[in-house]
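Taking it in order: structure first as structure tokens, then the write-up.
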Amino acid sequence: MSTSNLPIEPVRIGLVSVSDRASGGVYEDKGIPALQAWLGRALLNPITWVTRLIPDEQEGISAALCELVDVEHCDLVLTTGGTGPAPRDVTPEATLAVADKEMPGFGEQMRAISLRFVPTAILSRQVAVIRGKALIINLPGQPKSIAETLEGLPQASPPAPGIFAAVPYCLDLLGGPYLETDSAVCTAFRPKSAQRPARS
């Protein structure tokens with residue numbers, strides 16, 4: 001059987017929105033819906049969502065990340081919120097505390113994209129890490145910024161690649177599912193040796 005005729009592999013994605021006020025019911029969380037909307041457009045894979053809406057507490061964030069990877073067996077975990085310089089912005093610390101490896105390029109590229117719009121992007125502290133065979137990435141808190149950092153700025157001059165283009169190959173290297181993307185939203189980049197034939 002040709003690999004292009006194999007079923008598209010399912011993926012388990014954990015989504016964590018970190019916010020005292022949203023988790024307390026003060027206002028509606030917009031982070032998780034924004035992530036689901038973008039990923040639902042970008043990925044062709046069947047997705048199982050595992051979501052958490054939690055307050056800005058470092059131990060609680062770390063515990064949620066461990067649960068999503070170790071118990072729920074998520075292949076990819078994305079967080080939103082809690083990455084600024086304010087005293088209760090502790091998502092990066094909570095993420096690094098559960099890491100086996102740090103992947104600094106993701107945070108560097110997110111800040112590079114956001115700096116095209118606002119100088120205060122330099123205050124963002126997003127990190128990405130590997131835990132076991134899962135990739136965990138901190139994303140911004142605003143839905144518009146989430147989409148910009150994931151998708152990049154293909155029409156800008158010069159263009160800015162989004163971070164999600166590198167996520168499928170990262171999961172390949174970790175032994176995770178083969179993510180397939182809709183090129184109208186985001187084209188996964190893989191070396192030729194890691195690419196499967198295009199679907200007919």
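In the structure tokens, chains take letters A, B, ... by order of appearance, with residues numbered from 1 within each chain and ligands from 1 in the order shown.
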
Please list as a ChimeraX atom specification every residue within 10 Å of A:Gly60, counting only C-alpha atoms and excluding residues in the same chain fewer than 5 positions away.
/A:18,54-55,65-66,91,94

Go ahead and write the residues just picked, N, CA, C and O atoms, as a PDB file, in the first residue's frame.
ATOM      1  N   VAL A  18      -4.330  29.852  30.665  1.00  0.00           N
ATOM      2  CA  VAL A  18      -3.911  30.257  32.003  1.00  0.00           C
ATOM      3  C   VAL A  18      -4.414  31.674  32.271  1.00  0.00           C
ATOM      4  O   VAL A  18      -3.945  32.641  31.653  1.00  0.00           O
ATOM      5  N   ILE A  54      -7.228  27.177  33.771  1.00  0.00           N
ATOM      6  CA  ILE A  54      -6.677  27.175  35.120  1.00  0.00           C
ATOM      7  C   ILE A  54      -6.140  28.553  35.506  1.00  0.00           C
ATOM      8  O   ILE A  54      -5.827  29.373  34.637  1.00  0.00           O
ATOM      9  N   PRO A  55      -6.022  28.829  36.802  1.00  0.00           N
ATOM     10  CA  PRO A  55      -5.494  30.117  37.253  1.00  0.00           C
ATOM     11  C   PRO A  55      -3.977  30.199  37.128  1.00  0.00           C
ATOM     12  O   PRO A  55      -3.292  29.198  36.880  1.00  0.00           O
ATOM     13  N   LEU A  65       0.282  20.392  32.890  1.00  0.00           N
ATOM     14  CA  LEU A  65       1.128  19.979  31.773  1.00  0.00           C
ATOM     15  C   LEU A  65       1.563  18.521  31.933  1.00  0.00           C
ATOM     16  O   LEU A  65       1.538  17.750  30.964  1.00  0.00           O
ATOM     17  N   CYS A  66       1.944  18.135  33.142  1.00  0.00           N
ATOM     18  CA  CYS A  66       2.349  16.747  33.380  1.00  0.00           C
ATOM     19  C   CYS A  66       1.190  15.799  33.118  1.00  0.00           C
ATOM     20  O   CYS A  66       1.362  14.731  32.516  1.00  0.00           O
ATOM     21  N   THR A  91       3.716  31.166  33.589  1.00  0.00           N
ATOM     22  CA  THR A  91       3.610  30.013  32.685  1.00  0.00           C
ATOM     23  C   THR A  91       4.978  29.518  32.199  1.00  0.00           C
ATOM     24  O   THR A  91       5.213  28.307  32.179  1.00  0.00           O
ATOM     25  N   ALA A  94       6.608  27.501  34.964  1.00  0.00           N
ATOM     26  CA  ALA A  94       5.911  26.231  35.157  1.00  0.00           C
ATOM     27  C   ALA A  94       6.228  25.253  34.043  1.00  0.00           C
ATOM     28  O   ALA A  94       6.314  24.040  34.268  1.00  0.00           O
TER      29      ALA A  94
END

For stretch 172-175 of chain A, list every protein, DNA or RNA residue within 12 Å, evaluated using only C-alpha atoms, and leave out those in the same chain fewer than 5 positions away; present the list as a PyMOL selection string.
chain A and resi 75-76+101+130-135+166-167+180+188-191+193-196

Emit the selected residues as an mmCIF file, in the first residue's frame, including N, CA and C atoms.
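Written output follows (again25.cif):
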data_model
loop_
_atom_site.group_PDB
_atom_site.id
_atom_site.type_symbol
_atom_site.label_atom_id
_atom_site.label_comp_id
_atom_site.auth_asym_id
_atom_site.auth_seq_id
_atom_site.Cartn_x
_atom_site.Cartn_y
_atom_site.Cartn_z
ATOM 1 N N ASP A 75 0.124 14.493 22.254
ATOM 2 C CA ASP A 75 1.323 14.597 21.423
ATOM 3 C C ASP A 75 1.855 16.026 21.396
ATOM 4 N N LEU A 76 0.921 16.973 21.506
ATOM 5 C CA LEU A 76 1.235 18.395 21.425
ATOM 6 C C LEU A 76 0.411 19.101 22.487
ATOM 7 N N LYS A 101 13.837 18.837 27.693
ATOM 8 C CA LYS A 101 14.689 19.644 26.821
ATOM 9 C C LYS A 101 13.981 20.959 26.534
ATOM 10 N N ILE A 130 10.376 20.033 25.382
ATOM 11 C CA ILE A 130 10.032 18.638 25.158
ATOM 12 C C ILE A 130 9.848 17.970 26.519
ATOM 13 N N ARG A 131 8.755 17.253 26.681
ATOM 14 C CA ARG A 131 8.585 16.381 27.843
ATOM 15 C C ARG A 131 8.218 15.001 27.305
ATOM 16 N N GLY A 132 9.057 14.032 27.575
ATOM 17 C CA GLY A 132 8.820 12.710 27.013
ATOM 18 C C GLY A 132 8.828 12.777 25.498
ATOM 19 N N LYS A 133 7.717 12.368 24.875
ATOM 20 C CA LYS A 133 7.592 12.425 23.420
ATOM 21 C C LYS A 133 6.624 13.517 22.985
ATOM 22 N N ALA A 134 6.378 14.488 23.865
ATOM 23 C CA ALA A 134 5.433 15.574 23.560
ATOM 24 C C ALA A 134 6.159 16.914 23.449
ATOM 25 N N LEU A 135 5.612 17.765 22.612
ATOM 26 C CA LEU A 135 6.083 19.133 22.457
ATOM 27 C C LEU A 135 5.102 20.056 23.173
ATOM 28 N N ALA A 166 7.162 24.211 11.731
ATOM 29 C CA ALA A 166 8.195 23.310 12.237
ATOM 30 C C ALA A 166 7.648 22.249 13.184
ATOM 31 N N VAL A 167 6.410 22.394 13.631
ATOM 32 C CA VAL A 167 5.850 21.472 14.623
ATOM 33 C C VAL A 167 5.713 20.039 14.086
ATOM 34 N N GLU A 180 -0.479 16.351 9.056
ATOM 35 C CA GLU A 180 -0.683 16.828 7.690
ATOM 36 C C GLU A 180 -1.474 18.129 7.751
ATOM 37 N N ALA A 188 3.480 22.501 6.330
ATOM 38 C CA ALA A 188 4.477 21.856 7.177
ATOM 39 C C ALA A 188 5.790 21.734 6.407
ATOM 40 N N PHE A 189 6.891 22.066 7.065
ATOM 41 C CA PHE A 189 8.194 21.935 6.429
ATOM 42 C C PHE A 189 8.894 20.689 6.960
ATOM 43 N N ARG A 190 9.288 19.825 6.051
ATOM 44 C CA ARG A 190 10.069 18.640 6.382
ATOM 45 C C ARG A 190 11.190 18.490 5.359
ATOM 46 N N PRO A 191 12.348 17.951 5.780
ATOM 47 C CA PRO A 191 13.358 17.573 4.792
ATOM 48 C C PRO A 191 12.754 16.560 3.817
ATOM 49 N N SER A 193 13.694 13.797 2.809
ATOM 50 C CA SER A 193 13.787 12.406 3.266
ATOM 51 C C SER A 193 12.692 12.045 4.268
ATOM 52 N N ALA A 194 12.058 13.053 4.881
ATOM 53 C CA ALA A 194 11.019 12.804 5.884
ATOM 54 C C ALA A 194 9.603 13.005 5.326
ATOM 55 N N GLN A 195 9.484 13.387 4.070
ATOM 56 C CA GLN A 195 8.183 13.661 3.496
ATOM 57 C C GLN A 195 7.532 12.395 2.960
ATOM 58 N N ARG A 196 6.240 12.273 3.178
ATOM 59 C CA ARG A 196 5.472 11.195 2.552
ATOM 60 C C ARG A 196 4.890 11.703 1.244
#

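Using only C-alpha atoms, the residues found no farther than 10 Å from A:Glu93, other than those of its own chain fewer than 4 positions away, are Gln58, Glu59, Ile61, Ser62, Gly82, Thr83, Asp89, Ala97, Val98, Arg125, Gln126 and Val127 of chain A.
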
Stretch 1-106 of chain A: which residues are helix (DSSP H, G or I) by DSSP, as a VMD selection string?
chain A and resid 3 to 5 20 to 23 31 to 42 58 to 71 91 to 96 104 to 106
